[in-house]
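Containing compact mmCIF, C-alpha atoms: entry_32.txt.
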```
# COMPACT_ATOMS: atom_id res chain seq x y z
CA MET A 18 148.38 74.29 -66.00
CA THR A 19 146.04 73.28 -68.78
CA ALA A 20 147.49 73.59 -72.27
CA ASP A 21 146.00 76.40 -74.34
CA PRO A 22 143.07 74.87 -76.27
CA ARG A 23 142.84 77.74 -78.76
CA GLY A 24 145.21 76.24 -81.27
CA THR A 25 148.50 77.83 -80.23
CA ARG A 26 151.35 75.60 -81.35
CA PRO A 27 154.23 74.70 -79.02
CA ALA A 28 157.17 77.10 -79.28
CA LYS A 29 159.61 74.18 -79.18
CA ILE A 30 159.21 70.42 -78.89
CA ALA A 31 161.71 68.16 -77.11
CA VAL A 32 161.87 64.41 -77.69
CA LEU A 33 163.98 62.49 -75.18
CA GLY A 34 165.09 59.22 -76.74
CA SER A 35 166.45 58.71 -80.24
CA GLY A 36 165.47 55.10 -80.87
CA SER A 37 163.18 54.15 -83.72
CA TRP A 38 159.94 55.33 -82.11
CA GLY A 39 161.36 58.50 -80.56
CA THR A 40 162.98 59.53 -83.85
CA THR A 41 159.87 58.63 -85.82
CA PHE A 42 157.63 60.65 -83.54
CA ALA A 43 160.02 63.58 -83.79
CA LYS A 44 159.48 63.34 -87.55
CA VAL A 45 155.71 63.30 -87.02
CA VAL A 46 155.65 66.48 -84.92
CA ALA A 47 158.21 68.15 -87.20
CA ASP A 48 156.07 67.39 -90.25
CA ALA A 49 152.96 68.55 -88.38
CA SER A 50 154.58 71.90 -87.50
CA PRO A 51 157.31 72.71 -90.05
CA ASP A 52 158.02 76.08 -88.44
CA THR A 53 158.47 74.64 -84.94
CA PRO A 54 161.95 73.60 -83.79
CA VAL A 55 162.01 69.95 -82.73
CA MET A 56 165.02 68.74 -80.78
CA LEU A 57 165.97 65.15 -80.01
CA TRP A 58 168.08 64.00 -77.11
CA SER A 59 170.43 61.10 -77.77
CA ARG A 60 172.81 59.46 -75.30
CA ARG A 61 175.26 58.98 -78.17
CA PRO A 62 176.88 62.17 -79.53
CA GLU A 63 177.52 60.49 -82.89
CA VAL A 64 173.81 59.76 -83.31
CA ALA A 65 172.97 63.36 -82.43
CA ALA A 66 175.52 64.57 -84.97
CA GLU A 67 174.11 62.37 -87.72
CA ILE A 68 170.56 63.59 -87.04
CA THR A 69 171.58 67.25 -87.02
CA THR A 70 173.98 67.28 -89.96
CA GLY A 71 172.86 64.32 -92.06
CA HIS A 72 169.12 64.42 -91.25
CA ARG A 73 169.11 60.67 -90.70
CA ASN A 74 169.19 58.13 -87.89
CA SER A 75 170.58 55.25 -89.91
CA ARG A 76 170.84 52.83 -86.98
CA TYR A 77 167.10 52.77 -86.47
CA LEU A 78 165.43 54.31 -89.53
CA GLY A 79 167.83 53.46 -92.34
CA ASP A 80 167.74 56.01 -95.16
CA THR A 81 164.65 57.85 -93.90
CA VAL A 82 165.23 61.58 -94.38
CA LEU A 83 164.27 63.65 -91.35
CA PRO A 84 162.72 67.13 -91.65
CA ALA A 85 165.02 70.13 -91.60
CA ASN A 86 163.46 71.49 -88.39
CA ILE A 87 164.78 68.51 -86.40
CA THR A 88 168.12 68.82 -84.62
CA ALA A 89 169.65 66.68 -81.88
CA SER A 90 172.06 66.92 -78.98
CA ALA A 91 173.59 64.70 -76.30
CA ASP A 92 173.09 67.62 -73.86
CA VAL A 93 169.63 67.09 -72.35
CA GLY A 94 169.63 70.61 -70.90
CA GLU A 95 170.02 72.08 -74.38
CA VAL A 96 167.20 69.90 -75.68
CA LEU A 97 164.78 70.82 -72.88
CA ALA A 98 165.55 74.56 -72.82
CA GLY A 99 162.47 76.48 -73.97
CA SER A 100 160.44 73.35 -74.74
CA ASP A 101 156.78 73.52 -73.76
CA LEU A 102 156.00 70.06 -75.12
CA VAL A 103 158.29 67.31 -73.82
CA ILE A 104 157.95 63.81 -75.27
CA LEU A 105 159.53 60.86 -73.45
CA ALA A 106 160.61 57.86 -75.54
CA VAL A 107 163.18 56.04 -73.41
CA PRO A 108 163.01 52.37 -72.32
CA ALA A 109 160.30 52.02 -69.68
CA GLN A 110 162.51 50.34 -67.11
CA SER A 111 165.08 53.15 -67.22
CA LEU A 112 162.61 56.03 -66.94
CA ARG A 113 162.50 56.53 -63.18
CA ALA A 114 166.28 56.57 -62.87
CA GLN A 115 166.57 59.34 -65.48
CA LEU A 116 163.73 61.64 -64.45
CA PRO A 117 165.34 63.23 -61.34
CA ALA A 118 168.14 64.68 -63.46
CA TRP A 119 165.61 66.14 -65.88
CA ARG A 120 163.12 67.51 -63.37
CA ASP A 121 164.62 70.98 -62.92
CA LEU A 122 165.36 71.27 -66.65
CA ILE A 123 161.73 70.93 -67.72
CA ALA A 124 159.88 74.25 -68.02
CA SER A 125 157.36 74.92 -65.26
CA HIS A 126 154.50 75.14 -67.78
CA ALA A 127 155.53 72.23 -70.03
CA VAL A 128 153.26 69.31 -70.91
CA VAL A 129 154.90 65.86 -70.81
CA VAL A 130 153.85 63.04 -73.15
CA SER A 131 154.79 59.39 -72.67
CA LEU A 132 155.34 57.19 -75.74
CA MET A 133 156.42 54.26 -73.56
CA LYS A 134 154.43 51.04 -73.31
CA GLY A 135 155.46 49.21 -70.18
CA LEU A 136 154.83 48.64 -66.47
CA GLU A 137 157.68 49.34 -64.10
CA VAL A 138 159.15 46.17 -62.68
CA GLY A 139 158.95 46.14 -58.90
CA THR A 140 156.22 48.76 -58.54
CA ASP A 141 153.82 47.76 -61.35
CA ALA A 142 153.45 51.50 -62.01
CA ARG A 143 152.29 52.81 -65.35
CA MET A 144 154.65 55.29 -67.02
CA SER A 145 152.30 58.22 -66.43
CA GLU A 146 152.38 57.36 -62.72
CA VAL A 147 156.18 57.26 -62.69
CA ILE A 148 156.27 60.65 -64.43
CA ALA A 149 153.82 62.15 -61.93
CA GLU A 150 155.82 60.86 -58.97
CA GLU A 151 159.28 61.86 -60.15
CA LEU A 152 158.45 65.18 -61.81
CA ALA A 153 155.76 66.23 -59.31
CA LEU A 154 153.45 67.20 -62.15
CA PRO A 155 149.65 67.46 -61.95
CA GLU A 156 147.83 64.86 -64.05
CA GLU A 157 146.45 67.48 -66.45
CA ARG A 158 150.02 68.10 -67.64
CA ILE A 159 150.77 64.42 -68.33
CA ALA A 160 149.55 62.60 -71.42
CA VAL A 161 150.15 59.27 -73.09
CA LEU A 162 150.10 58.30 -76.75
CA SER A 163 149.31 54.80 -77.91
CA GLY A 164 147.84 52.84 -80.79
CA PRO A 165 149.20 50.88 -83.73
CA ASN A 166 152.63 52.54 -83.69
CA LEU A 167 155.00 50.45 -85.83
CA ALA A 168 157.74 53.01 -86.24
CA MET A 169 159.04 52.06 -89.68
CA GLU A 170 155.59 52.24 -91.26
CA ILE A 171 155.00 55.70 -89.79
CA ALA A 172 158.49 56.81 -90.83
CA ARG A 173 157.55 55.74 -94.37
CA GLU A 174 154.48 57.98 -93.99
CA GLU A 175 151.99 55.15 -94.27
CA PRO A 176 148.62 56.36 -92.88
CA THR A 177 148.27 55.66 -89.17
CA ALA A 178 145.83 56.61 -86.42
CA SER A 179 146.61 56.71 -82.69
CA VAL A 180 145.19 58.02 -79.43
CA VAL A 181 146.38 60.87 -77.20
CA ALA A 182 145.01 60.48 -73.68
CA CYS A 183 145.01 63.00 -70.84
CA VAL A 184 142.54 63.50 -68.00
CA ASP A 185 142.17 67.07 -69.31
CA HIS A 186 140.52 66.97 -72.73
CA ASP A 187 141.84 70.39 -73.76
CA THR A 188 145.41 69.29 -73.10
CA ALA A 189 144.87 66.12 -75.16
CA ALA A 190 143.43 68.21 -78.00
CA TRP A 191 146.38 70.63 -77.85
CA ILE A 192 148.85 67.74 -78.13
CA ALA A 193 146.82 66.12 -80.91
CA ALA A 194 146.94 69.34 -82.93
CA ALA A 195 150.73 69.40 -82.53
CA CYS A 196 151.14 65.90 -83.96
CA THR A 197 148.56 65.86 -86.75
CA ALA A 198 150.49 65.21 -89.96
CA SER A 199 149.17 64.22 -93.38
CA TYR A 200 149.89 60.57 -92.55
CA PHE A 201 149.30 60.59 -88.77
CA ARG A 202 145.83 61.07 -87.27
CA PRO A 203 145.59 61.32 -83.46
CA TYR A 204 142.26 60.89 -81.71
CA THR A 205 141.76 62.07 -78.13
CA SER A 206 140.68 60.34 -74.94
CA THR A 207 140.50 61.05 -71.23
CA ASP A 208 140.98 57.33 -70.36
CA VAL A 209 144.67 57.39 -69.52
CA ILE A 210 144.53 54.06 -67.67
CA GLY A 211 142.80 52.20 -70.50
CA VAL A 212 145.08 53.62 -73.19
CA GLU A 213 148.21 52.73 -71.21
CA ILE A 214 147.08 49.23 -70.29
CA GLY A 215 146.18 48.49 -73.91
CA GLY A 216 149.67 49.48 -74.98
CA ILE A 217 151.31 47.45 -72.23
CA VAL A 218 149.51 44.12 -72.33
CA LYS A 219 149.52 43.84 -76.12
CA ASN A 220 153.30 43.37 -75.94
CA VAL A 221 152.86 40.27 -73.78
CA ILE A 222 150.16 38.87 -76.07
CA ALA A 223 152.42 39.54 -79.07
CA LEU A 224 155.11 37.42 -77.44
CA ALA A 225 152.58 34.58 -77.19
CA VAL A 226 151.54 34.97 -80.84
CA GLY A 227 155.18 35.10 -81.91
CA ILE A 228 155.91 31.89 -80.01
CA CYS A 229 152.96 30.25 -81.78
CA GLU A 230 154.38 31.35 -85.12
CA GLY A 231 157.83 30.11 -84.19
CA ARG A 232 156.26 26.73 -83.36
CA ARG A 233 154.54 26.79 -86.79
CA MET A 234 151.06 26.91 -85.33
CA GLY A 235 148.37 28.06 -87.74
CA ASP A 236 146.25 31.15 -88.15
CA ASN A 237 143.37 29.69 -86.11
CA THR A 238 145.66 29.46 -83.10
CA LYS A 239 147.05 32.96 -83.56
CA ALA A 240 143.60 34.49 -84.08
CA SER A 241 142.34 32.73 -80.97
CA VAL A 242 145.24 34.01 -78.88
CA ILE A 243 144.80 37.56 -80.17
CA THR A 244 141.08 37.54 -79.42
CA ARG A 245 141.42 36.04 -75.96
CA GLY A 246 144.38 38.30 -75.36
CA LEU A 247 142.10 41.27 -75.93
CA ALA A 248 139.73 39.81 -73.36
CA GLU A 249 142.59 39.55 -70.85
CA THR A 250 143.64 43.10 -71.56
CA THR A 251 140.09 44.36 -71.11
CA ARG A 252 139.65 42.57 -67.78
CA LEU A 253 142.82 44.13 -66.39
CA ALA A 254 142.10 47.61 -67.75
CA VAL A 255 138.62 47.65 -66.24
CA ALA A 256 139.88 46.32 -62.91
CA LEU A 257 142.38 49.17 -62.77
CA GLY A 258 139.77 51.81 -63.59
CA GLY A 259 139.97 51.99 -67.38
CA ARG A 260 136.98 51.97 -69.71
CA ARG A 261 135.89 48.84 -71.57
CA GLU A 262 135.17 50.77 -74.77
CA THR A 263 138.78 51.94 -74.97
CA MET A 264 139.83 48.34 -75.56
CA ALA A 265 137.65 48.18 -78.68
CA GLY A 266 139.52 51.13 -80.19
CA LEU A 267 142.95 52.04 -81.49
CA ALA A 268 144.77 51.72 -78.16
CA GLY A 269 143.25 48.30 -77.54
CA MET A 270 142.28 46.20 -80.53
CA GLY A 271 144.15 48.36 -83.05
CA ASP A 272 147.50 48.19 -81.31
CA LEU A 273 147.03 44.51 -80.46
CA ILE A 274 146.39 43.52 -84.08
CA ALA A 275 149.38 45.48 -85.38
CA THR A 276 151.79 44.22 -82.74
CA CYS A 277 150.70 40.59 -82.98
CA SER A 278 150.64 40.49 -86.78
CA SER A 279 153.64 42.43 -88.02
CA ALA A 280 157.19 41.26 -88.61
CA LEU A 281 158.16 44.84 -87.67
CA SER A 282 156.96 44.24 -84.11
CA ARG A 283 159.84 43.69 -81.69
CA ASN A 284 157.69 41.64 -79.33
CA HIS A 285 156.31 39.46 -82.09
CA THR A 286 159.87 38.91 -83.35
CA ALA A 287 161.15 38.05 -79.87
CA GLY A 288 158.33 35.56 -79.40
CA ARG A 289 159.01 33.96 -82.77
CA LEU A 290 162.67 33.49 -81.87
CA LEU A 291 161.70 31.91 -78.56
CA GLY A 292 159.32 29.61 -80.40
CA GLN A 293 162.13 28.56 -82.71
CA GLY A 294 164.10 27.34 -79.72
CA LEU A 295 166.38 30.25 -78.80
CA ILE A 296 166.86 30.91 -75.11
CA LEU A 297 166.06 34.33 -73.72
CA ASP A 298 169.68 35.53 -73.61
CA GLU A 299 170.10 34.59 -77.28
CA VAL A 300 166.94 36.46 -78.21
CA THR A 301 168.08 39.57 -76.34
CA ALA A 302 171.50 39.44 -78.01
CA ARG A 303 169.93 39.19 -81.45
CA MET A 304 167.44 42.04 -80.97
CA ASN A 305 168.53 45.54 -81.96
CA GLN A 306 165.99 47.14 -79.65
CA THR A 307 164.12 46.39 -76.44
CA ALA A 308 161.14 44.02 -76.62
CA GLU A 309 159.20 45.69 -73.83
CA GLY A 310 156.94 42.70 -73.25
CA ILE A 311 159.90 40.68 -71.97
CA LYS A 312 160.53 43.32 -69.31
CA SER A 313 156.90 44.03 -68.41
CA ALA A 314 155.29 40.57 -68.47
CA GLN A 315 155.95 39.80 -64.80
CA ALA A 316 154.69 43.23 -63.74
CA VAL A 317 151.50 42.69 -65.76
CA LEU A 318 150.95 39.33 -64.09
CA ASP A 319 151.67 40.79 -60.64
CA SER A 320 149.09 43.52 -61.23
CA ALA A 321 146.54 40.96 -62.43
CA GLU A 322 147.04 38.79 -59.36
CA GLN A 323 146.74 41.78 -57.03
CA HIS A 324 143.38 42.66 -58.59
CA GLY A 325 142.05 39.12 -58.91
CA VAL A 326 142.13 39.12 -62.71
CA ASP A 327 142.59 35.82 -64.55
CA MET A 328 145.19 36.14 -67.35
CA PRO A 329 146.16 32.64 -68.53
CA ILE A 330 147.99 33.80 -71.66
CA THR A 331 150.09 36.26 -69.69
CA GLU A 332 150.74 33.63 -67.03
CA SER A 333 151.95 31.17 -69.68
CA VAL A 334 154.25 33.74 -71.30
CA VAL A 335 155.81 34.57 -67.92
CA ALA A 336 156.38 30.86 -67.30
CA VAL A 337 158.21 30.56 -70.63
CA LEU A 338 160.32 33.67 -69.95
CA GLN A 339 161.31 32.32 -66.53
CA GLY A 340 162.19 28.90 -67.88
CA GLN A 341 159.36 27.19 -66.02
CA LEU A 342 157.51 26.15 -69.18
CA SER A 343 158.86 24.89 -72.48
CA VAL A 344 157.59 26.51 -75.66
CA ASN A 345 156.68 22.98 -76.73
CA ASP A 346 154.12 22.85 -73.93
CA LEU A 347 152.77 26.39 -74.36
CA GLY A 348 149.96 25.69 -76.84
CA PRO A 349 147.52 23.79 -74.59
CA ARG A 350 147.90 26.39 -71.83
CA LEU A 351 147.15 29.49 -73.90
CA LEU A 352 143.39 29.11 -73.74
CA ALA A 353 143.24 27.39 -70.34
CA ARG A 354 140.15 28.84 -68.68
CA ASN A 355 137.01 27.28 -67.27
CA LEU A 356 134.31 26.84 -69.89
CA LYS A 357 131.90 29.79 -69.94
CA PRO A 358 129.99 31.99 -72.40
CA GLU A 359 132.28 34.12 -74.59
CA GLY A 360 130.70 37.38 -73.44
CA ASP A 361 131.22 36.64 -69.77
CA HIS A 362 133.58 39.40 -68.59
CA THR A 363 134.02 38.26 -65.00
CA PRO A 364 137.69 38.06 -63.92
```
Here is the file; what I need is its structure written in the form of structure tokens.
Amino acid sequence: MTADPRGTRPAKIAVLGSGSWGTTFAKVVADASPDTPVMLWSRRPEVAAEITTGHRNSRYLGDTVLPANITASADVGEVLAGSDLVILAVPAQSLRAQLPAWRDLIASHAVVVSLMKGLEVGTDARMSEVIAEELALPEERIAVLSGPNLAMEIAREEPTASVVACVDHDTAAWIAAACTASYFRPYTSTDVIGVEIGGIVKNVIALAVGICEGRRMGDNTKASVITRGLAETTRLAVALGGRRETMAGLAGMGDLIATCSSALSRNHTAGRLLGQGLILDEVTARMNQTAEGIKSAQAVLDSAEQHGVDMPITESVVAVLQGQLSVNDLGPRLLARNLKPEGDHTP
């Protein structure tokens, strides 16, 4: 099924996952279509009750007031009933385990959108691949959204652009129309691989930049790591079948800059705490939400090694996370490649 490209809005939108990004994106689609019911699924009944009756999700979005057309439930069947646009915003590593229970509840014509930015540990699968496998959906009914997506800024309605990618352009355009709000501008792409890889690897690079900041390294170091991190990301994306030009856009450079630069970034924050000397368990205990780069870094490195792609920054971050490298020794390794021209894109 290809989504109707003629401008028809979804009859109902379901968002599975009531963390900061899931709740924020529910606000985006609710603001984009004020007459469309938007329903959030939350594992916690008390969170669902607060969203429905108080129009807030105070745990993640503070005093942000949610639109009146958003409701929530802990009953995933109720949330999915009648929804022709289903948005997934759960932790990447828990996705596969949850999908079988949802498969028969998703309408046969529904389009599924992934907001998740991670590779599955053990399989190195992208989230769109996990969705296709577990829901048995054709690729034209699966889309991904990525870009500079710092949830709190979007919840505050600060202007933001992102990318909706689907192999079927009409489906991407249909989704983009459903999430175009006054403060949120989605562009479209058919490069699903490139858009996903950009959103995945930037989390690992943000950990590296955060560690540099925690070690009080300067802006030259951080800018160098960001720039070479983009080169790493591009090499992997192209090796996997993505397009190089995607990495110069919102899902590549845009997301990388935001994630590596902002104190609102979970991965940047986690890296900074590591750089300050906290061990990984202490960082995890202090974080209110998942820093996806911690979970996905090894999978990114595994994928790079399988495809013969050199990723020294990613390799160094994995070594730190596994306790094989001290943050004190990270700096010299971040740019450890053979000398070559900057524009040389060989692996």
Closest contacts (region 176-267 of chain A/region 138-155 of chain A, max 9 Å, all atoms listed in the file) as a tab-separated table:
```
residue	atom	partner	partner_atom	distance
A:Val209	CA	A:Ser145	CA	8.3
A:Ile210	CA	A:Arg143	CA	8.2
A:Glu213	CA	A:Arg143	CA	7.1
A:Ile214	CA	A:Arg143	CA	8.0
A:Ile217	CA	A:Arg143	CA	8.8
```
### Task
Up to 10 Å from (159.9, 61.4, -83.1) in the file's coordinates: name the residues, counting only C-alpha atoms, as a VMD selection string.
chain A and resid 30 to 47 55 to 57 83 87 104 to 106 132 168 172 196
### Using all atoms listed in the file: which of A:Ser125, A:Ser199, A:Gln323, A:Ser282 has the shortest distance to Gly310 (chain A)
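Of A:Ser125, A:Ser199, A:Gln323, A:Ser282, the one nearest Gly310 (chain A) is A:Ser282, counting all atoms listed in the file.
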### Query
Looking at A:Gly227, A:Gly294, A:Gly135, A:Gly259, which one is nearest to Glu309 (chain A), with distances taken over only C-alpha atoms?
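Looking at the shortest contact to Glu309 (chain A), the residue is A:Gly135.
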#### Entry: Two-atom distance - CA of Pro165 (chain A), CA of Gly271 (chain A) (Å)
5.7 Å
### Best match for closeness to Ala190 (chain A) among A:Val107, A:Cys277, A:Val255, A:Ala160, counting all atoms listed in the file
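That would be A:Ala160, the residue with the smallest distance to Ala190 (chain A).
Of note, CA of Glu332 (chain A) and CA of Leu351 (chain A) are spaced 8.8 Å apart.
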### Message
What's the separation between CA of Ala308 (chain A) and CA of Ala287 (chain A), in Å to one decimal place?
### Response
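Between these atoms lies a distance of 6.8 Å.
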